[in-house]
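S.K.: First, the structure itself, so that you have it in front of you.
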Amino acid sequence: MRNEQVPSAFSLDKVRKLAYSTPQYGYMTAVLPSPATASTRPTLRTALWKVAEAVATPVLPADYLDLIAPLRSGADLRGRVISVVPETLDAASVTIKPGRGWRGHVPGQYIRIGVDVDGVRNWRAYSVTSRADARDGLISITVKAIPGGKVSNHVVRALRPGTLIHLDQATGDFTMTQPAPARALFVTAGSGVTPVMGMLRNHLDELNDAVVVHSAPAEADVIFAGELRELHQSGRVRLVERHTDVDGIVTPESLDELVPDWRFRQTWACGPTAMLDAFEAAWADAGIADRLHTERFRPVVVAEGEGGTVTFLGQGTVVEADGATPILDAGEEAGVLMPSGCRMGICFGCVLPLREGAVRDLRNGELTVATPGDGVRIQTCVSAAAGACEIDL
Amino acid sequence: MTATTEVFDLTIDGSAAGTPRAPQRTKSLDTRLSVVATERRHSPKPSGKPDPAGHLSAEEIEALGLELDALRQEVLDSRGASDAAYIRKVLKWQRGLELGSRAVLLFSLFPPAWFVGTAGLSVAKILENMELGHNIMHGQWDWMRDPRIHSQEWEWDNASPSEFWKHSHNQLHHTFTNVIGRDNDLGYGIMRVDEDQKWVPSYLGQPLYNFLNAVFFEYGIAAYDLELGAYLKGRGKSKEEFRRDASKVLRKIGRQARKDYLLHPLLSGPSFFHTLGANFVANTVRNLWTNSVIMCGHFPEGVETFAKTSIEGETRGEWYLRQMLGSANISGSKAMHLMTGNLSHQIEHHLFPDLPSNRYGEIAPRIQEICQRYGLTYTTGPLPKQVASAWKQVVVLSLPNPQPGRTRVGIAAEAVGKRVRRKLRRGAPRTA
């Protein structure tokens, strides 16, 4: 809140250049502002912003503007949910109107969304499935509810149009090669079809020979079934639809039969870790590792236990702590300079970011789990390691 | 990294080289992390007042601790979207009210605009300090993981920087509540609000100090959080540390003053002085209100204090007990609770300082029932009564405790006379 800064002239320019040179826009012969205006305008803007900050102190002008225009340019990136449309019984596509700061995406990339579930903000990554040049500027993601998944179940079953969610810019390198390959193969399983759908919807015209091998447990579970079959029927792609409950999973060996020329195709694979591991090994054995692109969606699996290795990132100190010792005490005993306070969990003077890992509240045994980017902060005086954890200090 | 490896590889065979082992514990954990009580302790105070919880056994205090732990857990388990919606709603209304009031004050030359704007801004400033600032900085809303409503990020509309306030309030006051000599909130170092605090003649002026402190409360808090008094007496911070902290406080005061007493008046153009006055009034109203509410928290009659030695080895059950006996509530309407930032539920807040403030009212009847069951006083009353009671303490305790055959005034007069004579004697050679 206090660390937000005025975009400087430099960063504004950088953003502009990036926007113009991203592949989906192609190279535009844009008329960039002349040096004179470029140097005076941001200065005036900066000065005005400084005044606005002095007027709004101790909060920021943004804190007021957010009440009126949360999607304005310059705001933290947010998006408004426009619609939530079911794809299967446990998957839904969410259309989002991103804020003005949205810089676009390359098909196949993913975004992180921050959704409040039971009042708590949770961040998760999902592939963008919409067209990069959509006229309405809307983006969409497709989410499959995984058993016990807090965010995915909320998105599929409880997220309502109109809700404001938080976004990160698109990222990831699971994208189409430029130029598109003469022969392409997409191997997907479950919701692994989402980044591939993003590529197909955008790059179909560039692909003359594309095969999609898509697996799902049963026919009812096939996300984008209608759209994929339509593409198959119209001859745009060759679809190999597998229902693993009866057909079994797709292995590299089974590819010889399904797509005999797989070795000669640029391949994009997205699915469970075991499947991707097997594919990477097979492609490496065939000496064509460079023809395989994989996207791994790691489910949030944090090893839980009693005690664990605590890493204090900034200091490079690593300690082994048991499940009954507060991280504050463990750190201090190892000579780490820790912020501290009441030592009984009431003053919040010892709060530090838990970058990754699991900790247990010594007062009630409650578990807190974090993955990078979650922005989870913990009270170190009442939290003990519950597995390996990394503390940002 | 290398240093810690040398120090902490304690395994015989060196198998853990590189992974130092910490839990070779040199000191035991904070006793307040456990409710398990083994013995009953009481340290008498100079007044010889009986132990207000003397009728409870160690087991009963442990049971009380467990019961309160369970109540806290119940609230934690039901904390969710509606609580998040509550604080966001307050935030939205507060910001809207502040913005609206300041907009009206742009035309403060017109008396109706001045009155409406000043009233609105006063309320907005009170809400910002009480229901938002105080409670957010307590970490009551950290669980939402919203960086904009977080104890580590919030900066409040007050002269004292949040960083210092959190230290003196959250850590010192809330941990050592009402422990004489440990909790500086007991009279803020300038007043005597309990008969077990030692009397010195300078306390004679405390009704005046308290009035001035109330009028300029935010600056009083800033000086207090900076630990100015201790520094001037040669105790406390090092010169270097004090200078660094003092410049932070001055910068904050400067930013606050520039906003209220320069920029907003300038924006008002011809209404410059009217807006300046309005902002001063709003700040003063906020000062008087917050000071009154805060006085009601621990100063009224019926609130217990504790000897320094009484908290050695204190368990969580005993800590809970001290919070209940050391705090006082204010009864009133929903609007009153909101305007006090739910500090009207001071007892509930002191038991569970990090529970969302909107839940205190809900658990208050149950805390009252627990107090009754354990034979503990639950001090509460309407605002005027509690303010009067707190002020009465401030006035009465400005005088020393009466002794058999000697009145408060008599002892005070004697002490002052003694001091004056000593001053005169010491002054005599210099003038001669």
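Here's how to read the names in the structure tokens: chain A, B, ... by the order shown, residue numbers from 1 in each chain, ligand numbers from 1 in the order shown.
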Show me, as an MDAnalysis selection string, the residues of chain A whose atoms get within 6 Å of chain B, using only C-alpha atoms for the distance check.
M.R.: chainID A and resid 1 55 58 118:121 316:317 319:320 330 333:334 341:342 344 347
S.K.: Compile a residue-level contact table for range 239-300 of chain A against range 101-115 of chain A at a cut-off of 12 Å, reporting for every qualifying residue the shortest atom pair and its distance in Å to one decimal, with only C-alpha atoms counted, rows ordered by chain and ascending number, as a tab-separated table.
M.R.:
residue	atom	partner	partner_atom	distance
A:Trp268	CA	A:Gly108	CA	9.9
A:Ala269	CA	A:Gly108	CA	11.2
A:Cys270	CA	A:Gly108	CA	10.5
A:His293	CA	A:Gly108	CA	11.0
A:Thr294	CA	A:Gly108	CA	10.8
A:Glu295	CA	A:Gly108	CA	9.2
A:Arg296	CA	A:Tyr110	CA	11.2
A:Phe297	CA	A:Tyr110	CA	10.2
S.K.: Got a sec to tell me which of range 109-277 of chain B DSSP assigns to alpha helix (DSSP H), as a ChimeraX atom specification?
M.R.: /B:111-127,135-137,162-165,174-175,206-215,217-225,228-232,239-258,264-267,272-277
S.K.: In Å, how far is it from CA of Arg100 in chain A to CA of Gln94 in chain B?
M.R.: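 Result for CA of Arg100 in chain A versus CA of Gln94 in chain B: 26.5 Å, one decimal.
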S.K.: Figure out the distance between CA of Ala182 in chain A and CA of Phe224 in chain A, please, to one decimal in Å.
M.R.: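 It comes out at 24.4 Å.
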S.K.: Tell me, in Å to one decimal, how far CA of Ala321 in chain A is from CA of Ala385 in chain A.
M.R.: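 CA of Ala385 in chain A lies at a distance of 6.6 Å from CA of Ala321 in chain A.
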S.K.: Using only C-alpha atoms, determine which residues lie at most 10 Å from Gln178 in chain A, disregarding the query and same-chain residues fewer than 2 positions distant; provide the list as a list in words.
M.R.: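 What passes the distance filter is Pro23, Thr175, Met176, Ala180, Pro181 and Glu206 of chain A.
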S.K.: Please produce an output containing N, CA and C atoms for each residue in the selection, written as a PDB file, in the first residue's frame.
M.R.:
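Full text of out_31.pdb as output:
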ATOM      1  N   PRO A  23       4.363 -10.705 -29.975  1.00  0.00           N
ATOM      2  CA  PRO A  23       4.030 -11.327 -31.252  1.00  0.00           C
ATOM      3  C   PRO A  23       2.583 -11.137 -31.699  1.00  0.00           C
ATOM      4  N   THR A 175       4.235 -21.924 -25.593  1.00  0.00           N
ATOM      5  CA  THR A 175       3.548 -21.172 -26.656  1.00  0.00           C
ATOM      6  C   THR A 175       3.951 -21.731 -28.024  1.00  0.00           C
ATOM      7  N   MET A 176       3.230 -21.290 -29.056  1.00  0.00           N
ATOM      8  CA  MET A 176       3.486 -21.753 -30.422  1.00  0.00           C
ATOM      9  C   MET A 176       4.821 -21.211 -30.920  1.00  0.00           C
ATOM     10  N   ALA A 180       4.822 -21.258 -37.230  1.00  0.00           N
ATOM     11  CA  ALA A 180       4.205 -22.501 -36.767  1.00  0.00           C
ATOM     12  C   ALA A 180       4.812 -23.686 -37.533  1.00  0.00           C
ATOM     13  N   PRO A 181       4.933 -24.848 -36.878  1.00  0.00           N
ATOM     14  CA  PRO A 181       5.537 -26.001 -37.542  1.00  0.00           C
ATOM     15  C   PRO A 181       4.629 -26.576 -38.638  1.00  0.00           C
ATOM     16  N   GLU A 206      -2.615 -21.134 -38.981  1.00  0.00           N
ATOM     17  CA  GLU A 206      -1.204 -21.333 -39.314  1.00  0.00           C
ATOM     18  C   GLU A 206      -0.837 -22.811 -39.310  1.00  0.00           C
TER      19      GLU A 206
END
S.K.: Which residues, written as a list in words, have at least one atom at most 9 Å from Thr380 in chain B, with only C-alpha atoms counted and residues fewer than 2 positions away on the same chain left out?
M.R.: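 Residues near the query, excluding close chain neighbours: Ala328, Asn329, Ile330, Ser331, Ser344, Tyr378, Pro382 and Gln386 of chain B.
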S.K.: Which residue, A:Gly314, A:Asp285, A:Gly305, A:Leu138, has the smallest gap to Arg263 in chain A when you use only C-alpha atoms?
M.R.: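 Smallest distance to Arg263 in chain A is found for A:Asp285.
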S.K.: Kindly indicate which residue among B:Leu232, B:Leu208, B:Met295, B:Ile311 lies nearest to Arg41 in chain B, using only C-alpha atoms for the distances.
M.R.: B:Ile311
